>>> print(open('final.pdb').read())   # PDB, C-alpha atoms (C1' of nucleotides)
ATOM      1  CA  MET A 471      -6.483  24.511 -33.892  1.00  0.00           C
ATOM      2  CA  LEU A 472      -3.305  26.076 -32.690  1.00  0.00           C
ATOM      3  CA  VAL A 473      -2.572  27.456 -36.145  1.00  0.00           C
ATOM      4  CA  ASP A 474      -5.191  27.807 -38.836  1.00  0.00           C
ATOM      5  CA  THR A 475      -5.103  24.730 -41.053  1.00  0.00           C
ATOM      6  CA  ASP A 476      -5.409  26.683 -44.276  1.00  0.00           C
ATOM      7  CA  LEU A 477      -2.505  28.888 -43.283  1.00  0.00           C
ATOM      8  CA  LEU A 478      -0.333  25.818 -42.706  1.00  0.00           C
ATOM      9  CA  LEU A 479      -1.386  24.432 -46.061  1.00  0.00           C
ATOM     10  CA  SER A 480      -0.672  27.711 -47.819  1.00  0.00           C
ATOM     11  CA  PHE A 481       2.901  27.520 -46.577  1.00  0.00           C
ATOM     12  CA  GLY A 482       3.350  24.034 -47.934  1.00  0.00           C
ATOM     13  CA  GLY A 483       1.938  21.941 -45.129  1.00  0.00           C
ATOM     14  CA  THR A 484       0.905  18.436 -46.076  1.00  0.00           C
ATOM     15  CA  SER A 485      -1.548  16.042 -44.492  1.00  0.00           C
ATOM     16  CA  HIS A 486      -0.386  12.684 -43.173  1.00  0.00           C
ATOM     17  CA  ASN A 487      -2.217   9.761 -41.642  1.00  0.00           C
ATOM     18  CA  PHE A 488      -0.863   7.564 -38.901  1.00  0.00           C
ATOM     19  CA  ASN A 489      -2.235   4.356 -37.456  1.00  0.00           C
ATOM     20  CA  THR A 490      -2.106   3.404 -33.792  1.00  0.00           C
ATOM     21  CA  ASN A 491       1.482   2.796 -32.719  1.00  0.00           C
ATOM     22  CA  ASP A 492       2.978   4.514 -35.756  1.00  0.00           C
ATOM     23  CA  THR A 493       5.892   6.724 -34.823  1.00  0.00           C
ATOM     24  CA  ILE A 494       5.777  10.322 -35.977  1.00  0.00           C
ATOM     25  CA  PHE A 495       9.355  11.007 -35.020  1.00  0.00           C
ATOM     26  CA  PHE A 496      12.027   9.199 -33.060  1.00  0.00           C
ATOM     27  CA  GLU A 497      14.139  10.208 -30.127  1.00  0.00           C
ATOM     28  CA  ASN A 498      17.462  11.666 -31.237  1.00  0.00           C
ATOM     29  CA  GLU A 499      16.216  12.743 -34.626  1.00  0.00           C
ATOM     30  CA  THR A 500      16.822  16.287 -35.721  1.00  0.00           C
ATOM     31  CA  PRO A 501      13.569  18.275 -35.707  1.00  0.00           C
ATOM     32  CA  LYS A 502      12.733  19.276 -39.247  1.00  0.00           C
ATOM     33  CA  TYR A 503       9.004  19.731 -39.230  1.00  0.00           C
ATOM     34  CA  TYR A 504       6.174  21.362 -37.430  1.00  0.00           C
ATOM     35  CA  TYR A 505       3.359  18.889 -36.729  1.00  0.00           C
ATOM     36  CA  GLN A 506      -0.193  19.816 -35.914  1.00  0.00           C
ATOM     37  CA  ILE A 507      -2.757  17.202 -35.009  1.00  0.00           C
ATOM     38  CA  ILE A 508      -5.986  17.515 -36.980  1.00  0.00           C
ATOM     39  CA  SER A 509      -7.513  14.519 -35.264  1.00  0.00           C
ATOM     40  CA  GLY A 510      -6.302  11.723 -33.049  1.00  0.00           C
ATOM     41  CA  ASN A 511      -4.067  11.294 -30.024  1.00  0.00           C
ATOM     42  CA  VAL A 512      -0.317  11.287 -29.744  1.00  0.00           C
ATOM     43  CA  LYS A 513       1.995  10.464 -26.878  1.00  0.00           C
ATOM     44  CA  LEU A 514       5.520  11.707 -26.276  1.00  0.00           C
ATOM     45  CA  ASN A 515       7.517   8.951 -24.666  1.00  0.00           C
ATOM     46  CA  TYR A 516      10.938   7.452 -24.118  1.00  0.00           C
ATOM     47  CA  THR A 517      12.327   4.300 -22.613  1.00  0.00           C
ATOM     48  CA  ASP A 518      14.401   4.616 -19.476  1.00  0.00           C
ATOM     49  CA  GLU A 519      17.544   2.682 -18.537  1.00  0.00           C
ATOM     50  CA  ASP A 520      15.463  -0.162 -17.141  1.00  0.00           C
ATOM     51  CA  GLY A 521      13.528  -0.507 -20.353  1.00  0.00           C
ATOM     52  CA  ARG A 522      10.457   1.084 -18.863  1.00  0.00           C
ATOM     53  CA  GLU A 523       8.298   3.378 -20.911  1.00  0.00           C
ATOM     54  CA  LEU A 524       7.724   6.878 -19.612  1.00  0.00           C
ATOM     55  CA  ILE A 525       5.010   9.026 -21.131  1.00  0.00           C
ATOM     56  CA  GLN A 526       5.917  12.676 -20.973  1.00  0.00           C
ATOM     57  CA  SER A 527       2.936  14.153 -22.654  1.00  0.00           C
ATOM     58  CA  LEU A 528      -0.362  13.372 -24.306  1.00  0.00           C
ATOM     59  CA  LEU A 529      -1.533  15.474 -27.213  1.00  0.00           C
ATOM     60  CA  THR A 530      -4.814  15.675 -29.019  1.00  0.00           C
ATOM     61  CA  ASP A 531      -6.828  17.483 -31.709  1.00  0.00           C
ATOM     62  CA  GLY A 532      -5.568  20.935 -32.555  1.00  0.00           C
ATOM     63  CA  GLU A 533      -2.288  20.694 -30.684  1.00  0.00           C
ATOM     64  CA  SER A 534       1.185  20.710 -32.128  1.00  0.00           C
ATOM     65  CA  VAL A 535       3.754  18.046 -31.435  1.00  0.00           C
ATOM     66  CA  CYS A 536       6.842  19.281 -29.666  1.00  0.00           C
ATOM     67  CA  GLU A 537       7.020  22.515 -31.656  1.00  0.00           C
ATOM     68  CA  LEU A 538       9.439  24.023 -29.155  1.00  0.00           C
ATOM     69  CA  LEU A 539      12.258  21.956 -30.645  1.00  0.00           C
ATOM     70  CA  LEU A 540      11.990  24.103 -33.767  1.00  0.00           C
ATOM     71  CA  PHE A 541      13.312  27.056 -31.817  1.00  0.00           C
ATOM     72  CA  VAL A 542      16.423  25.449 -30.436  1.00  0.00           C
ATOM     73  CA  ASP A 543      19.197  23.528 -32.107  1.00  0.00           C
ATOM     74  CA  GLU A 544      18.679  20.239 -30.294  1.00  0.00           C
ATOM     75  CA  LYS A 545      17.536  16.756 -31.122  1.00  0.00           C
ATOM     76  CA  TYR A 546      14.259  15.263 -29.993  1.00  0.00           C
ATOM     77  CA  PRO A 547      14.624  13.965 -26.435  1.00  0.00           C
ATOM     78  CA  MET A 548      11.686  11.603 -26.936  1.00  0.00           C
ATOM     79  CA  ASN A 549       9.551   9.825 -29.502  1.00  0.00           C
ATOM     80  CA  ALA A 550       6.144  10.903 -30.743  1.00  0.00           C
ATOM     81  CA  VAL A 551       3.826   7.940 -31.225  1.00  0.00           C
ATOM     82  CA  ALA A 552       0.224   7.851 -32.399  1.00  0.00           C
ATOM     83  CA  ILE A 553      -2.032   6.149 -29.871  1.00  0.00           C
ATOM     84  CA  SER A 554      -5.049   6.275 -32.139  1.00  0.00           C
ATOM     85  CA  GLU A 555      -5.610   6.832 -35.810  1.00  0.00           C
ATOM     86  CA  CYS A 556      -4.290  10.307 -36.510  1.00  0.00           C
ATOM     87  CA  THR A 557      -4.356  12.904 -39.198  1.00  0.00           C
ATOM     88  CA  VAL A 558      -1.502  15.356 -38.915  1.00  0.00           C
ATOM     89  CA  ILE A 559      -0.421  18.376 -40.893  1.00  0.00           C
ATOM     90  CA  ARG A 560       3.306  18.552 -41.405  1.00  0.00           C
ATOM     91  CA  LEU A 561       5.152  21.707 -42.348  1.00  0.00           C
ATOM     92  CA  ALA A 562       8.888  22.080 -42.953  1.00  0.00           C
ATOM     93  CA  LYS A 563      10.685  23.984 -40.205  1.00  0.00           C
ATOM     94  CA  GLU A 564      11.922  26.782 -42.460  1.00  0.00           C
ATOM     95  CA  GLU A 565       8.471  27.387 -43.867  1.00  0.00           C
ATOM     96  CA  PHE A 566       6.989  27.250 -40.391  1.00  0.00           C
ATOM     97  CA  LEU A 567       9.391  29.912 -39.117  1.00  0.00           C
ATOM     98  CA  LYS A 568       8.724  32.020 -42.188  1.00  0.00           C
ATOM     99  CA  MET A 569       5.011  31.696 -41.551  1.00  0.00           C
ATOM    100  CA  LEU A 570       5.424  32.912 -37.984  1.00  0.00           C
ATOM    101  CA  LYS A 571       7.369  35.897 -39.194  1.00  0.00           C
ATOM    102  CA  ASP A 572       4.665  36.813 -41.680  1.00  0.00           C
ATOM    103  CA  HIS A 573       1.774  36.141 -39.334  1.00  0.00           C
ATOM    104  CA  PRO A 574       2.125  37.740 -35.914  1.00  0.00           C
ATOM    105  CA  LYS A 575      -1.183  36.298 -34.809  1.00  0.00           C
ATOM    106  CA  ALA A 576      -0.037  32.746 -35.444  1.00  0.00           C
ATOM    107  CA  SER A 577       3.265  33.546 -33.809  1.00  0.00           C
ATOM    108  CA  SER A 578       1.531  34.817 -30.740  1.00  0.00           C
ATOM    109  CA  ASN A 579      -0.682  31.732 -30.601  1.00  0.00           C
ATOM    110  CA  VAL A 580       2.321  29.451 -30.732  1.00  0.00           C
ATOM    111  CA  GLN A 581       4.007  31.472 -28.029  1.00  0.00           C
ATOM    112  CA  LYS A 582       0.971  31.201 -25.795  1.00  0.00           C
ATOM    113  CA  TYR A 583       0.665  27.509 -26.491  1.00  0.00           C
ATOM    114  CA  ILE A 584       4.267  26.870 -25.506  1.00  0.00           C
ATOM    115  CA  SER A 585       3.787  28.880 -22.335  1.00  0.00           C
ATOM    116  CA  LYS A 586       0.635  27.032 -21.454  1.00  0.00           C
ATOM    117  CA  THR A 587       2.104  23.589 -21.989  1.00  0.00           C
ATOM    118  CA  LEU A 588       5.210  24.558 -20.052  1.00  0.00           C
ATOM    119  CA  TYR A 589       3.035  25.718 -17.183  1.00  0.00           C
ATOM    120  CA  GLN A 590       1.146  22.426 -17.301  1.00  0.00           C
ATOM    121  CA  LYS A 591       4.442  20.585 -17.308  1.00  0.00           C
ATOM    122  CA  PHE A 592       5.361  22.272 -14.030  1.00  0.00           C
ATOM    123  CA  ILE A 593       2.099  21.189 -12.477  1.00  0.00           C
ATOM    124  CA  MET A 594       2.603  17.624 -13.590  1.00  0.00           C
ATOM    125  CA  MET A 595       6.178  17.668 -12.382  1.00  0.00           C
ATOM    126  CA  GLN A 596       4.950  18.552  -8.925  1.00  0.00           C
ATOM    127  CA  ASN A 597       2.349  15.802  -9.012  1.00  0.00           C
ATOM    128  CA  ILE A 598       4.696  13.119 -10.214  1.00  0.00           C
ATOM    129  CA  SER A 599       7.567  13.997  -7.926  1.00  0.00           C
ATOM    130  CA  SER A 600       5.463  13.408  -4.833  1.00  0.00           C
ATOM    131  CA  PRO A 601       6.832  10.522  -2.787  1.00  0.00           C
ATOM    132  CA  SER A 602       3.291   9.320  -2.214  1.00  0.00           C
ATOM    133  CA  ALA A 603       1.868   7.130  -4.964  1.00  0.00           C
ATOM    134  CA  GLU A 604      -1.629   8.131  -3.993  1.00  0.00           C
ATOM    135  CA  LYS A 605      -0.810  11.811  -4.415  1.00  0.00           C
ATOM    136  CA  ARG A 606       0.796  11.098  -7.743  1.00  0.00           C
ATOM    137  CA  ILE A 607      -2.368   9.404  -8.900  1.00  0.00           C
ATOM    138  CA  ARG A 608      -4.773  11.926  -7.447  1.00  0.00           C
ATOM    139  CA  GLY A 609      -2.685  14.804  -8.706  1.00  0.00           C
ATOM    140  CA  THR A 610      -2.683  13.349 -12.188  1.00  0.00           C
ATOM    141  CA  LEU A 611      -6.455  12.836 -12.095  1.00  0.00           C
ATOM    142  CA  GLN A 612      -6.880  16.418 -10.977  1.00  0.00           C
ATOM    143  CA  TYR A 613      -4.577  17.597 -13.715  1.00  0.00           C
ATOM    144  CA  PHE A 614      -6.548  15.835 -16.424  1.00  0.00           C
ATOM    145  CA  LYS A 615      -9.835  17.009 -15.087  1.00  0.00           C
ATOM    146  CA  SER A 616      -8.599  20.586 -14.991  1.00  0.00           C
ATOM    147  CA  PHE A 617      -8.969  20.684 -18.774  1.00  0.00           C
ATOM    148  CA  SER A 618     -12.599  19.695 -18.566  1.00  0.00           C
ATOM    149  CA  ASP A 619     -15.281  22.347 -18.318  1.00  0.00           C
ATOM    150  CA  ASN A 620     -17.494  20.243 -16.116  1.00  0.00           C
ATOM    151  CA  LYS A 621     -16.140  20.433 -12.600  1.00  0.00           C
ATOM    152  CA  ALA A 622     -18.807  18.251 -11.005  1.00  0.00           C
ATOM    153  CA  ALA A 623     -17.748  14.953  -9.468  1.00  0.00           C
ATOM    154  CA  TYR A 624     -17.484  11.872 -11.675  1.00  0.00           C
ATOM    155  CA  THR A 625     -17.925  13.852 -14.869  1.00  0.00           C
ATOM    156  CA  TYR A 626     -14.424  13.430 -16.165  1.00  0.00           C
ATOM    157  CA  GLU A 627     -13.732  10.101 -17.850  1.00  0.00           C
ATOM    158  CA  VAL A 628     -10.137   8.952 -17.810  1.00  0.00           C
ATOM    159  CA  LYS A 629      -9.436   7.880 -21.341  1.00  0.00           C
ATOM    160  CA  LEU A 630      -6.173   6.175 -20.530  1.00  0.00           C
ATOM    161  CA  THR A 631      -5.571   2.520 -19.916  1.00  0.00           C
ATOM    162  CA  ARG A 632      -4.166   1.559 -16.498  1.00  0.00           C
ATOM    163  CA  LYS A 633      -0.883   0.880 -18.198  1.00  0.00           C
ATOM    164  CA  GLN A 634      -0.694   4.314 -19.800  1.00  0.00           C
ATOM    165  CA  PHE A 635      -1.644   5.890 -16.504  1.00  0.00           C
ATOM    166  CA  ALA A 636       1.212   3.993 -14.910  1.00  0.00           C
ATOM    167  CA  CYS A 637       3.659   5.201 -17.546  1.00  0.00           C
ATOM    168  CA  ILE A 638       2.709   8.784 -16.799  1.00  0.00           C
ATOM    169  CA  THR A 639       2.976   8.512 -13.039  1.00  0.00           C
ATOM    170  CA  SER A 640       6.029   6.267 -13.070  1.00  0.00           C
ATOM    171  CA  LEU A 641       4.155   3.586 -11.176  1.00  0.00           C
ATOM    172  CA  ARG A 642       3.451  -0.051 -12.034  1.00  0.00           C
ATOM    173  CA  THR A 643       0.103  -0.837 -13.526  1.00  0.00           C
ATOM    174  CA  GLU A 644      -0.807  -3.079 -10.562  1.00  0.00           C
ATOM    175  CA  THR A 645      -0.212  -0.154  -8.263  1.00  0.00           C
ATOM    176  CA  VAL A 646      -2.399   2.103 -10.369  1.00  0.00           C
ATOM    177  CA  ILE A 647      -5.169  -0.503 -10.395  1.00  0.00           C
ATOM    178  CA  ARG A 648      -5.029  -0.935  -6.639  1.00  0.00           C
ATOM    179  CA  TYR A 649      -5.060   2.749  -5.854  1.00  0.00           C
ATOM    180  CA  LEU A 650      -7.864   3.427  -8.290  1.00  0.00           C
ATOM    181  CA  LYS A 651      -9.850   0.721  -6.520  1.00  0.00           C
ATOM    182  CA  LYS A 652      -9.015   2.291  -3.190  1.00  0.00           C
ATOM    183  CA  LEU A 653     -10.135   5.685  -4.457  1.00  0.00           C
ATOM    184  CA  GLU A 654     -13.328   4.059  -5.672  1.00  0.00           C
ATOM    185  CA  LYS A 655     -14.047   2.745  -2.186  1.00  0.00           C
ATOM    186  CA  GLU A 656     -13.437   6.207  -0.799  1.00  0.00           C
ATOM    187  CA  GLU A 657     -15.862   7.539  -3.391  1.00  0.00           C
ATOM    188  CA  ILE A 658     -13.290   9.828  -4.867  1.00  0.00           C
ATOM    189  CA  VAL A 659     -13.563   8.090  -8.149  1.00  0.00           C
ATOM    190  CA  LYS A 660     -16.218   5.989  -9.815  1.00  0.00           C
ATOM    191  CA  ILE A 661     -15.504   2.940 -11.936  1.00  0.00           C
ATOM    192  CA  GLU A 662     -18.044   1.613 -14.388  1.00  0.00           C
ATOM    193  CA  LYS A 663     -17.214  -1.244 -16.715  1.00  0.00           C
ATOM    194  CA  GLY A 664     -13.539  -0.497 -16.285  1.00  0.00           C
ATOM    195  CA  LYS A 665     -13.970   3.177 -17.088  1.00  0.00           C
ATOM    196  CA  VAL A 666     -12.742   5.585 -14.454  1.00  0.00           C
ATOM    197  CA  PHE A 667     -14.743   8.712 -13.698  1.00  0.00           C
ATOM    198  CA  TYR A 668     -13.349  11.512 -11.571  1.00  0.00           C
TER     199      TYR A 668
ATOM    200  C1'  DA B 425     -12.885 -19.300 -32.451  1.00  0.00           C
ATOM    201  C1'  DC B 426      -8.268 -17.924 -31.394  1.00  0.00           C
ATOM    202  C1'  DA B 427      -4.849 -14.495 -30.213  1.00  0.00           C
ATOM    203  C1'  DT B 428      -3.808 -10.476 -27.889  1.00  0.00           C
ATOM    204  C1'  DT B 429      -4.289  -6.739 -24.718  1.00  0.00           C
ATOM    205  C1'  DA B 430      -6.353  -4.875 -20.516  1.00  0.00           C
ATOM    206  C1'  DA B 431      -8.057  -5.351 -15.825  1.00  0.00           C
ATOM    207  C1'  DG B 432      -7.799  -7.435 -11.572  1.00  0.00           C
ATOM    208  C1'  DT B 433      -5.829 -10.504  -7.585  1.00  0.00           C
ATOM    209  C1'  DG B 434      -2.436 -12.712  -4.366  1.00  0.00           C
ATOM    210  C1'  DG B 435       1.728 -13.211  -2.611  1.00  0.00           C
ATOM    211  C1'  DT B 436       6.763 -12.009  -1.914  1.00  0.00           C
ATOM    212  C1'  DG B 437      10.795  -8.901  -0.853  1.00  0.00           C
TER     213       DG B 437
ATOM    214  C1'  DC C1334       5.771  -0.037  -3.683  1.00  0.00           C
ATOM    215  C1'  DA C1335       7.952  -3.254  -7.400  1.00  0.00           C
ATOM    216  C1'  DC C1336       7.952  -7.573  -9.208  1.00  0.00           C
ATOM    217  C1'  DC C1337       6.165 -12.072 -10.512  1.00  0.00           C
ATOM    218  C1'  DA C1338       2.609 -15.336 -11.598  1.00  0.00           C
ATOM    219  C1'  DC C1339      -1.840 -16.065 -12.975  1.00  0.00           C
ATOM    220  C1'  DT C1340      -7.044 -15.444 -13.854  1.00  0.00           C
ATOM    221  C1'  DT C1341     -10.673 -13.112 -16.024  1.00  0.00           C
ATOM    222  C1'  DA C1342     -12.594  -9.606 -19.067  1.00  0.00           C
ATOM    223  C1'  DA C1343     -12.505  -7.128 -23.167  1.00  0.00           C
ATOM    224  C1'  DT C1344     -10.941  -6.523 -28.054  1.00  0.00           C
ATOM    225  C1'  DG C1345      -9.263  -7.628 -32.257  1.00  0.00           C
ATOM    226  C1'  DT C1346      -8.797 -10.404 -36.828  1.00  0.00           C
TER     227       DT C1346
END
>>> encode(input="final.pdb", output="structure tokens")
Amino acid sequence: MLVDTDLLLSFGGTSHNFNTNDTIFFENETPKYYYQIISGNVKLNYTDEDGRELIQSLLTDGESVCELLLFVDEKYPMNAVAISECTVIRLAKEEFLKMLKDHPKASSNVQKYISKTLYQKFIMMQNISSPSAEKRIRGTLQYFKSFSDNKAAYTYEVKLTRKQFACITSLRTETVIRYLKKLEKEEIVKIEKGKVFY
DNA sequence: ACATTAAGTGGTG
DNA sequence: CACCACTTAATGT
């Protein structure tokens, strides 16, 4: 957990459940709460001019959802949507900031978390901005696997659907499917029963 | 069993 | 590559 659950609760945090596809907050809303995922997966997305979904980030257990917006006076540039059943702790912005002031350790953790995710964002930006679709896909695979402790080949299972993978790499799902198949032939990736292992 | 979503294929521009 | 059409596989209710 980014911030200790009990600490969040002691400052007035409340637990909320979301079902798959429930929206936690919408683009353009004013950030008013700190959200920390107890369990489940959340995506940050928006729809571009052509009506295409772009996934900016995927979050999971223990992470907070776009906490950086609580430090600037801006509106959410994207939506936060549950992509599985989720339990989330929600804490009002003012209380969250007060908590950080009173608890340097928590403050430092949040600071590190923001730095880490920003760093990861840079890496992903480099992957996705490659003109080569194959590099975009391989870079994204590498990025995901980098969070796994097991570095051996075919030990990382891609938990995303082809469609979600496409939304992250800004490619069409057919393209993702074809390249994954190509990578399978080249033994860079292994596909079993639709599951992709890298 | 029926409806829906995901994966996979072929062809075109 | 994207886009379109369509088949098959996997899931959901």
>>> residues_around(input="final.pdb", residues="segment 482-499 of chain A", least_positions_apart="2", cutoff="6 Å", atoms="all atoms listed in the file", output="VMD selection string")
chain A and resid 478 to 480 545 to 561
>>> atom_distance(input="final.pdb", atom1="atom CA of Leu529 of chain A", atom2="atom CA of Ile507 of chain A")
8.1 Å
>>> resolve_selection(input="final.pdb", expression="the PyMOL selection byres ((chain A) within 8 of (chain B))", output="list of chain:residue names")
A:Thr631, A:Arg632, A:Ile647, A:Gly664
>>> write_last_selection(input="final.pdb", atoms="C-alpha atoms", output="JSON list (two decimals), in the coordinates of the input")
[["chain", "number", "residue", "atom", "x", "y", "z"],
["A", 631, "THR", "CA", -5.57, 2.52, -19.92],
["A", 632, "ARG", "CA", -4.17, 1.56, -16.50],
["A", 647, "ILE", "CA", -5.17, -0.50, -10.40],
["A", 664, "GLY", "CA", -13.54, -0.50, -16.28]]
>>> interface_residues(input="final.pdb", of="chain C", to="chain A", cutoff="12 Å", atoms="all atoms listed in the file", output="list in words")
DC1334, DA1335, DC1336, DC1337, DA1342 and DA1343 of chain C
>>> residues_near_point(input="final.pdb", point="(-6.5, 12.5, -27.8)", cutoff="7 Å", atoms="only C-alpha atoms (C1' of nucleotides)", output="list in words")
Gly510, Asn511, Val512, Leu529, Thr530 and Asp531 of chain A
>>> residues_around(input="final.pdb", residues="Arg522 of chain A", least_positions_apart="6", cutoff="12 Å", atoms="all atoms listed in the file", output="PDB file with C-alpha atoms, keeping the file's coordinate frame")
ATOM      1  CA  ASN A 515       7.517   8.951 -24.666  1.00  0.00           C
ATOM      2  CA  TYR A 516      10.938   7.452 -24.118  1.00  0.00           C
ATOM      3  CA  LYS A 633      -0.883   0.880 -18.198  1.00  0.00           C
ATOM      4  CA  GLN A 634      -0.694   4.314 -19.800  1.00  0.00           C
ATOM      5  CA  ALA A 636       1.212   3.993 -14.910  1.00  0.00           C
ATOM      6  CA  CYS A 637       3.659   5.201 -17.546  1.00  0.00           C
ATOM      7  CA  ILE A 638       2.709   8.784 -16.799  1.00  0.00           C
ATOM      8  CA  SER A 640       6.029   6.267 -13.070  1.00  0.00           C
ATOM      9  CA  LEU A 641       4.155   3.586 -11.176  1.00  0.00           C
ATOM     10  CA  ARG A 642       3.451  -0.051 -12.034  1.00  0.00           C
ATOM     11  CA  THR A 643       0.103  -0.837 -13.526  1.00  0.00           C
TER      12      THR A 643
END
>>> atom_distance(input="final.pdb", atom1="atom CA of Glu537 of chain A", atom2="atom CA of Lys568 of chain A")
14.3 Å
>>> residues_near_point(input="final.pdb", point="(-11.9, 3.5, -10.7)", cutoff="10 Å", atoms="all atoms listed in the file", output="PyMOL selection string")
chain A and resi 627-628+632+646-655+657-668
>>> atom_distance(input="final.pdb", atom1="atom CA of Tyr504 of chain A", atom2="atom CA of Leu567 of chain A")
9.3 Å
>>> axis_aligned_box(input="final.pdb", around="chain B", padding_each_side="3 Å", output="JSON")
{"center_x": -1.0, "center_y": -12.1, "center_z": -16.7, "size_x": 29.7, "size_y": 20.4, "size_z": 37.6}
>>> build_atoms(input="final.pdb", residues="segment 641-648 of chain A", atoms="all heavy atoms", output="tab-separated table (two decimals), in the frame of the given file")
chain	number	residue	atom	x	y	z
A	641	LEU	N	4.55	4.63	-12.12
A	641	LEU	CA	4.16	3.59	-11.18
A	641	LEU	C	3.92	2.32	-12.01
A	641	LEU	O	3.89	2.38	-13.23
A	641	LEU	CB	2.87	3.98	-10.45
A	641	LEU	CG	2.95	5.20	-9.53
A	641	LEU	CD1	1.56	5.66	-9.12
A	641	LEU	CD2	3.80	4.89	-8.30
A	642	ARG	N	3.76	1.19	-11.32
A	642	ARG	CA	3.45	-0.05	-12.03
A	642	ARG	C	1.94	-0.12	-12.22
A	642	ARG	O	1.19	0.43	-11.42
A	642	ARG	CB	3.96	-1.26	-11.25
A	642	ARG	CG	5.41	-1.18	-10.90
A	642	ARG	CD	6.29	-1.03	-12.14
A	642	ARG	NE	6.48	-2.32	-12.81
A	642	ARG	CZ	6.10	-2.57	-14.05
A	642	ARG	NH1	5.50	-1.65	-14.77
A	642	ARG	NH2	6.32	-3.75	-14.57
A	643	THR	N	1.53	-0.82	-13.26
A	643	THR	CA	0.10	-0.84	-13.53
A	643	THR	C	-0.70	-1.48	-12.38
A	643	THR	O	-1.80	-1.08	-12.10
A	643	THR	CB	-0.23	-1.55	-14.87
A	643	THR	OG1	-0.51	-2.90	-14.63
A	643	THR	CG2	0.89	-1.42	-15.85
A	644	GLU	N	-0.10	-2.47	-11.71
A	644	GLU	CA	-0.81	-3.08	-10.56
A	644	GLU	C	-1.06	-2.04	-9.48
A	644	GLU	O	-2.13	-2.02	-8.85
A	644	GLU	CB	0.01	-4.22	-9.95
A	644	GLU	CG	0.27	-5.37	-10.89
A	644	GLU	CD	1.60	-5.23	-11.59
A	644	GLU	OE1	1.91	-4.11	-12.05
A	644	GLU	OE2	2.35	-6.22	-11.68
A	645	THR	N	-0.08	-1.20	-9.28
A	645	THR	CA	-0.21	-0.15	-8.26
A	645	THR	C	-1.32	0.83	-8.63
A	645	THR	O	-2.13	1.22	-7.79
A	645	THR	CB	1.13	0.61	-8.11
A	645	THR	OG1	2.14	-0.34	-7.77
A	645	THR	CG2	1.02	1.66	-7.02
A	646	VAL	N	-1.36	1.19	-9.90
A	646	VAL	CA	-2.40	2.10	-10.37
A	646	VAL	C	-3.77	1.47	-10.17
A	646	VAL	O	-4.70	2.10	-9.65
A	646	VAL	CB	-2.19	2.46	-11.86
A	646	VAL	CG1	-3.40	3.19	-12.42
A	646	VAL	CG2	-0.94	3.30	-12.02
A	647	ILE	N	-3.90	0.21	-10.54
A	647	ILE	CA	-5.17	-0.50	-10.40
A	647	ILE	C	-5.61	-0.52	-8.93
A	647	ILE	O	-6.75	-0.21	-8.62
A	647	ILE	CB	-5.04	-1.96	-10.92
A	647	ILE	CG1	-4.94	-1.96	-12.44
A	647	ILE	CG2	-6.23	-2.79	-10.45
A	647	ILE	CD1	-4.59	-3.31	-13.04
A	648	ARG	N	-4.67	-0.84	-8.06
A	648	ARG	CA	-5.03	-0.94	-6.64
A	648	ARG	C	-5.43	0.40	-6.03
A	648	ARG	O	-6.38	0.48	-5.26
A	648	ARG	CB	-3.86	-1.54	-5.85
A	648	ARG	CG	-3.78	-3.03	-6.05
A	648	ARG	CD	-2.47	-3.63	-5.62
A	648	ARG	NE	-2.50	-5.07	-5.80
A	648	ARG	CZ	-1.47	-5.81	-6.19
A	648	ARG	NH1	-0.30	-5.24	-6.44
A	648	ARG	NH2	-1.57	-7.12	-6.33
